[in-house]
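Structure first, commentary second.
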Amino acid sequence: MLRYCDESKIITIRKITAFPVAFTMSFQTLAPFCQSIKSIQRSHGRISSSIRHHGTSSKNEVQIVEVGPRDGLQNEPKWVETDVKVEFINRLSKVGLQHIETTSFVSPKWIPQFKDSLEVFQRIEKTDSISYPVLVPNIKGFETAIAQGVKEIAIFGAASETFSQKNINCSIEESLNRFRVVTEAAQKANVKIRGYVSTVVGCPYEGPIKAAAVANVTEELLKLGCYEISLGDTIGVGTIGSMSAMLKEVKNVADPSQLAIHCHNTYGQALPNILTALNHGIRVIDAAVSGLGGCPYAKGASGNVPTEDVIYMLHGLGVHTGINLPELVLVGRFICNYLGRNSESKVTFAMGDLKPMDKNAHTHNHDHSHSHSHSHSH
Ligand SMILES: [Zn+2]
């Protein structure tokens with residue numbers, strides 16, 4: 001491993017293409033985590049038939065839900081111009097992602113950053129093989145969504161009572177009742193519903209959260225008609241231990257094919273926590289390019305796990321994602337440049353010399369050469 005830190009070796013993309021093999025081998029010595037490789041391969045057939053898949057995605061073993069434009073920008077204090085939001089999503093649509101959470105049809109009084117959500121959703125170039133879910137907090141948001149032809153919505157609950165009160169101004173039970181109106185309307189309109197459960201291992205107000213509480217909300221959201229529940233470590237305090245204990249409990253009420261994992265990287269534990277979820281059979285991972293995001297209700301909580309780092313880990317495990325990592329890195333650079341901040345992605349940092357228009361380096365492809373992505377993906 002040390003040789004990768006050797007300063008005399010400038011890491012180029014050409015060299016990075018050799019990394020996945022090396023990492024696959026080193027992972028195989030890391031029992032019991034190497035189980036994930038086998039279990040991912042074993043479950044491939046079953047996952048292919050899951051409801052999430054459409055278009056070409058059934059070939060992919062692990063699905064990424066890119067949440068940068070919504071979860072990432074939601075907590076961005078600087079106003080992001082509509083043109084930039086649209087370009088950001090359009091660029092993300094070209095790297096092989098198949099699920100891009102686009103925006104939130106929430107009152108601008110709550111989240112001013114989304115006051116242009118309607119325009120953003122209307123203007124993005126939509127591709128049939130990509131789903132563009134939109135967050136809806138209530139029936140009003142749903143009506144906006146349906147009028148725009150939104151095919152998938154997301155609703156959000158919490159496993160912590162206090163967090164629910166602070167985040168959405170109501171108790172967990174009240175939130176479920178509120179969602180029922182939305183989910184009934186969505187089912188009638190044939191709109192897919194994804195559910196979020198936040199604070200699944202820890203809450204900024206209540207501390208550690210009981211796994212049974214997470215299982216309870218998960219079960220209720222499934223009953224409401226959600227096809228998938230994304231389990232969110234909203235403030236990034238989880239560890240392999242707490243994540244594993246929580247998942248064991250939740251698996252009593254849900255099949256892993258109904259679950260997704262959503263990790264923040266506050267304590268640098270997001271990747272091991274995601275690997276833990278993979279070992280529990282979960283095949284859908286939420287991530288935000290460049291690690292965008294945070295949580296306004298949790299001091300010190302850092303952003304989502306960077307998509308680039310998740311992809312690098314998955315490709316190293318020999319998992320197919322269909323995502324072109326160098327192109328994704330460039331999208332991360334685009335949004336970070338605009339926001340005037342450094343990327344939280346270590347992979348982006350390591351790929352320091354990546355340039356969009358460098359024709360001499362064969363992996364420095366840009367918009368037109370998707371074929372390269374596959375050489376990174378196996
Ligand atoms: Zn998040």
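For the structure tokens, the naming scheme is as follows: chains receive sequential letters (A, B, ...) according to their order of presentation, residues are indexed from 1 within each chain, and ligands are indexed from 1 in presentation order.
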
Give me, as a PyMOL selection string, all polymer residues having an atom no more than 6 Å from segment 235-252 of chain A, counting only C-alpha atoms and skipping those fewer than 6 positions away in the same chain.
chain A and resi 201+211+215+264-266+273+301

Just all heavy atoms for this one: save the residues we selected as a compact mmCIF listing (two decimals), in the first residue's frame.
# COMPACT_ATOMS: atom_id res chain seq x y z
N VAL A 201 -28.76 5.66 13.30
CA VAL A 201 -27.89 5.16 14.38
C VAL A 201 -27.64 6.20 15.47
O VAL A 201 -27.35 5.86 16.61
CB VAL A 201 -26.54 4.62 13.86
CG1 VAL A 201 -26.68 3.25 13.22
CG2 VAL A 201 -25.90 5.58 12.88
N ALA A 211 -32.26 0.44 17.58
CA ALA A 211 -32.48 -0.22 16.29
C ALA A 211 -33.96 -0.55 16.08
O ALA A 211 -34.47 -0.49 14.96
CB ALA A 211 -31.62 -1.47 16.19
N ALA A 215 -36.42 0.02 12.80
CA ALA A 215 -37.20 -1.06 12.19
C ALA A 215 -38.67 -0.70 12.13
O ALA A 215 -39.35 -0.94 11.13
CB ALA A 215 -36.99 -2.36 12.96
N HIS A 264 -23.24 9.62 5.93
CA HIS A 264 -22.46 10.86 5.95
C HIS A 264 -21.09 10.53 6.55
O HIS A 264 -20.92 9.53 7.24
CB HIS A 264 -23.19 11.94 6.75
CG HIS A 264 -24.32 12.56 5.97
ND1 HIS A 264 -24.41 13.92 5.74
CD2 HIS A 264 -25.39 12.00 5.35
CE1 HIS A 264 -25.49 14.16 5.02
NE2 HIS A 264 -26.11 13.02 4.77
N ASN A 265 -20.14 11.39 6.26
CA ASN A 265 -18.75 11.01 6.54
C ASN A 265 -18.12 11.79 7.70
O ASN A 265 -16.91 11.96 7.74
CB ASN A 265 -17.92 11.21 5.25
CG ASN A 265 -16.72 10.31 5.21
OD1 ASN A 265 -16.72 9.23 5.82
ND2 ASN A 265 -15.69 10.74 4.51
N THR A 266 -18.92 12.22 8.63
CA THR A 266 -18.45 13.09 9.72
C THR A 266 -17.24 12.53 10.45
O THR A 266 -16.27 13.23 10.71
CB THR A 266 -19.60 13.32 10.73
OG1 THR A 266 -20.79 13.60 10.01
CG2 THR A 266 -19.28 14.46 11.68
N ASN A 273 -18.88 1.78 6.73
CA ASN A 273 -20.31 1.55 7.00
C ASN A 273 -21.04 1.05 5.75
O ASN A 273 -21.91 0.19 5.84
CB ASN A 273 -20.97 2.84 7.52
CG ASN A 273 -20.54 3.15 8.94
OD1 ASN A 273 -20.05 2.27 9.66
ND2 ASN A 273 -20.69 4.39 9.35
N ALA A 301 -21.73 18.17 11.72
CA ALA A 301 -22.00 17.05 10.82
C ALA A 301 -21.51 17.41 9.42
O ALA A 301 -21.78 18.48 8.91
CB ALA A 301 -23.49 16.74 10.77

Excluding Val134 of chain A and its own-chain neighbours fewer than 2 positions away, which residues fall within 8 Å of it when counting only C-alpha atoms? Please give them as a list of chain:residue names.
A:Glu101, A:Thr102, A:Thr103, A:Ser104, A:Phe105, A:Tyr132, A:Val136, A:Ala145, A:Val150, A:Glu152, A:Ile153, A:Ala154

Export of prior selection with C-alpha atoms as a short mmCIF file (atom, residue, chain, number, x, y, z; two decimals), in the first residue's frame:
data_model
loop_
_atom_site.label_atom_id
_atom_site.label_comp_id
_atom_site.auth_asym_id
_atom_site.auth_seq_id
_atom_site.Cartn_x
_atom_site.Cartn_y
_atom_site.Cartn_z
CA GLU A 101 -32.38 12.94 -6.93
CA THR A 102 -33.10 16.21 -8.58
CA THR A 103 -34.69 18.68 -6.19
CA SER A 104 -37.33 19.14 -3.52
CA PHE A 105 -40.83 20.56 -4.06
CA TYR A 132 -35.13 11.73 -11.47
CA VAL A 136 -42.10 15.98 -1.62
CA ALA A 145 -44.68 16.82 -8.89
CA VAL A 150 -42.50 13.20 -11.99
CA GLU A 152 -40.74 8.90 -8.57
CA ILE A 153 -41.06 10.82 -5.32
CA ALA A 154 -39.27 10.56 -1.99
#

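Distance check against ligand 1 using only C-alpha atoms and all ligand atoms: of A:Val67, A:Ile335, A:Val284, A:Met351, the minimum falls on A:Val67.
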
Which residues of chain A come within 7 Å of ligand 1, and what is each one's closest atom pair and distance in Å (one decimal), counting only C-alpha atoms and all ligand atoms, sorted by chain and residue number, as JSON lines?
{"residue": "A:Asp71", "atom": "CA", "partner": "ligand 1", "partner_atom_place_in_ligand_line": "1 (Zn)", "distance": 5.5}
{"residue": "A:Gly232", "atom": "CA", "partner": "ligand 1", "partner_atom_place_in_ligand_line": "1 (Zn)", "distance": 6.8}
{"residue": "A:Thr234", "atom": "CA", "partner": "ligand 1", "partner_atom_place_in_ligand_line": "1 (Zn)", "distance": 5.7}
{"residue": "A:His262", "atom": "CA", "partner": "ligand 1", "partner_atom_place_in_ligand_line": "1 (Zn)", "distance": 6.3}
{"residue": "A:Cys263", "atom": "CA", "partner": "ligand 1", "partner_atom_place_in_ligand_line": "1 (Zn)", "distance": 6.6}
{"residue": "A:His264", "atom": "CA", "partner": "ligand 1", "partner_atom_place_in_ligand_line": "1 (Zn)", "distance": 6.1}
{"residue": "A:Gly293", "atom": "CA", "partner": "ligand 1", "partner_atom_place_in_ligand_line": "1 (Zn)", "distance": 6.6}
{"residue": "A:Gly294", "atom": "CA", "partner": "ligand 1", "partner_atom_place_in_ligand_line": "1 (Zn)", "distance": 6.9}
{"residue": "A:Gly303", "atom": "CA", "partner": "ligand 1", "partner_atom_place_in_ligand_line": "1 (Zn)", "distance": 6.8}
{"residue": "A:Asn304", "atom": "CA", "partner": "ligand 1", "partner_atom_place_in_ligand_line": "1 (Zn)", "distance": 4.9}

Within segment 166-374 of chain A, find each residue whose DSSP state, derived from the backbone, is helix (DSSP H, G or I), and express the selection as number ranges by chain.
A: 166-168, 172-188, 211-223, 240-250, 256-258, 270-279, 289-291, 307-316, 325-339, 346-350, 371-374

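The residue set within 10 Å of segment 106-116 of chain A, counting only C-alpha atoms and dropping same-chain residues fewer than 5 places from it, reads Arg70, Leu73, Gln74, Asn75, Glu76, Pro77, Lys78, Trp79, Val80, Glu81, Thr82, Lys85, Phe121, Val134, Leu135, Val136, Pro137, Asn138, Lys140, Gly141, Phe142, Thr144 and Ile168 of chain A.
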
Prev. selection, N, CA, C and O atoms, output as a compact mmCIF listing (two decimals), in the first residue's frame:
# COMPACT_ATOMS: atom_id res chain seq x y z
N ARG A 70 -29.90 17.47 -4.63
CA ARG A 70 -30.93 17.73 -3.61
C ARG A 70 -30.28 17.79 -2.21
O ARG A 70 -30.11 18.86 -1.65
N LEU A 73 -27.10 20.19 -2.24
CA LEU A 73 -27.30 21.64 -2.34
C LEU A 73 -28.26 22.19 -1.29
O LEU A 73 -28.26 23.38 -1.00
N GLN A 74 -29.07 21.32 -0.73
CA GLN A 74 -30.05 21.75 0.28
C GLN A 74 -29.43 22.56 1.42
O GLN A 74 -30.01 23.50 1.91
N ASN A 75 -28.24 22.16 1.80
CA ASN A 75 -27.60 22.83 2.93
C ASN A 75 -26.54 23.84 2.51
O ASN A 75 -25.74 24.29 3.32
N GLU A 76 -26.55 24.15 1.24
CA GLU A 76 -25.57 25.10 0.73
C GLU A 76 -26.06 26.52 1.03
O GLU A 76 -27.10 26.94 0.54
N PRO A 77 -25.30 27.26 1.84
CA PRO A 77 -25.77 28.62 2.18
C PRO A 77 -25.75 29.58 1.00
O PRO A 77 -26.57 30.49 0.92
N LYS A 78 -24.82 29.34 0.08
CA LYS A 78 -24.71 30.23 -1.08
C LYS A 78 -25.79 29.88 -2.11
O LYS A 78 -26.02 28.70 -2.40
N TRP A 79 -26.45 30.89 -2.63
CA TRP A 79 -27.46 30.65 -3.66
C TRP A 79 -26.80 30.08 -4.91
O TRP A 79 -25.81 30.63 -5.40
N VAL A 80 -27.32 28.98 -5.38
CA VAL A 80 -26.81 28.37 -6.60
C VAL A 80 -27.75 28.73 -7.74
O VAL A 80 -28.95 28.41 -7.69
N GLU A 81 -27.22 29.38 -8.74
CA GLU A 81 -28.07 29.85 -9.85
C GLU A 81 -28.75 28.69 -10.55
O GLU A 81 -28.19 27.59 -10.64
N THR A 82 -29.93 28.98 -11.07
CA THR A 82 -30.72 27.93 -11.74
C THR A 82 -29.93 27.30 -12.88
O THR A 82 -29.91 26.07 -13.03
N LYS A 85 -27.54 24.77 -11.49
CA LYS A 85 -28.22 23.55 -11.03
C LYS A 85 -28.56 22.66 -12.23
O LYS A 85 -28.37 21.44 -12.20
N PHE A 121 -36.51 21.36 -12.51
CA PHE A 121 -37.03 20.07 -12.97
C PHE A 121 -37.49 20.16 -14.43
O PHE A 121 -37.29 19.24 -15.22
N VAL A 134 -37.90 13.23 -6.94
CA VAL A 134 -38.03 14.56 -6.33
C VAL A 134 -38.59 14.38 -4.93
O VAL A 134 -39.50 13.58 -4.72
N LEU A 135 -38.05 15.11 -3.97
CA LEU A 135 -38.56 15.04 -2.61
C LEU A 135 -39.87 15.82 -2.51
O LEU A 135 -39.96 16.93 -3.03
N VAL A 136 -40.86 15.22 -1.86
CA VAL A 136 -42.10 15.98 -1.62
C VAL A 136 -42.47 15.88 -0.13
O VAL A 136 -42.56 14.80 0.41
N PRO A 137 -42.64 17.02 0.53
CA PRO A 137 -42.92 17.00 1.96
C PRO A 137 -44.40 16.83 2.28
O PRO A 137 -44.76 16.47 3.39
N ASN A 138 -45.26 17.10 1.31
CA ASN A 138 -46.71 17.09 1.59
C ASN A 138 -47.49 16.98 0.28
O ASN A 138 -46.90 16.91 -0.80
N LYS A 140 -49.22 19.14 -1.29
CA LYS A 140 -49.01 20.27 -2.21
C LYS A 140 -47.78 20.00 -3.10
O LYS A 140 -47.83 20.20 -4.31
N GLY A 141 -46.72 19.54 -2.46
CA GLY A 141 -45.51 19.18 -3.22
C GLY A 141 -45.78 18.06 -4.20
O GLY A 141 -45.29 18.05 -5.32
N PHE A 142 -46.63 17.12 -3.77
CA PHE A 142 -46.95 16.01 -4.66
C PHE A 142 -47.72 16.48 -5.88
O PHE A 142 -47.47 16.03 -7.00
N THR A 144 -47.60 19.36 -7.28
CA THR A 144 -46.63 20.00 -8.18
C THR A 144 -45.89 18.94 -8.97
O THR A 144 -45.70 19.05 -10.19
N ILE A 168 -39.09 18.31 10.71
CA ILE A 168 -40.35 18.46 9.96
C ILE A 168 -41.51 18.89 10.86
O ILE A 168 -42.68 18.79 10.46

In terms of only C-alpha atoms, the residue from A:Leu92, A:Ile209, A:Val65, A:Val181 at minimal distance from Phe334 of chain A is A:Leu92

Need to verify the contact set: segment 326-329 of chain A, 7 Å, only C-alpha atoms, exclusion of same-chain residues closer than 4 positions in sequence. Can you return it as a PyMOL selection string?
chain A and resi 95+308+333+348+366

Please produce an output containing N, CA, C and O atoms for each residue in the selection, written as a short mmCIF file (atom, residue, chain, number, x, y, z; two decimals), in the first residue's frame.
data_model
loop_
_atom_site.label_atom_id
_atom_site.label_comp_id
_atom_site.auth_asym_id
_atom_site.auth_seq_id
_atom_site.Cartn_x
_atom_site.Cartn_y
_atom_site.Cartn_z
N VAL A 95 -22.68 10.55 -16.94
CA VAL A 95 -21.54 9.75 -16.44
C VAL A 95 -21.92 8.30 -16.17
O VAL A 95 -21.08 7.52 -15.72
N GLU A 308 -17.62 9.70 -5.72
CA GLU A 308 -16.37 9.25 -6.35
C GLU A 308 -15.69 8.17 -5.52
O GLU A 308 -15.17 7.18 -6.05
N ARG A 333 -15.66 18.48 -9.88
CA ARG A 333 -14.82 19.68 -10.00
C ARG A 333 -15.66 20.89 -10.44
O ARG A 333 -15.48 22.00 -9.96
N THR A 348 -10.95 12.31 -5.88
CA THR A 348 -10.78 13.52 -6.69
C THR A 348 -9.41 14.15 -6.43
O THR A 348 -8.71 14.57 -7.36
N HIS A 366 -13.97 12.60 -22.25
CA HIS A 366 -15.02 13.49 -21.80
C HIS A 366 -16.32 13.05 -22.42
O HIS A 366 -16.49 11.89 -22.76
#

Just list the residues in segment 117-282 of chain A DSSP gives strand (DSSP E) on the backbone, as a PyMOL selection string.
chain A and resi 134-135+152-158+192-198+202-203+207-208+228-233+259-263

Please list as a PyMOL selection string every residue within 10 Å of Ile172 of chain A, counting only C-alpha atoms and excluding residues in the same chain fewer than 5 positions away.
chain A and resi 157-165+177-178+217

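One distance worth recording is that between atom CA of Leu271 of chain A and atom CA of Val289 of chain A, which is 14.2 Å.
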
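Remark: for Leu292 of chain A, the closest of the candidate residues A:Glu87, A:Glu206, A:Glu61, A:Glu66 is A:Glu66 (distances computed over only C-alpha atoms).
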
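Take atom CA of Ile323 of chain A and atom CA of Leu275 of chain A: the distance between them is 18.3 Å.
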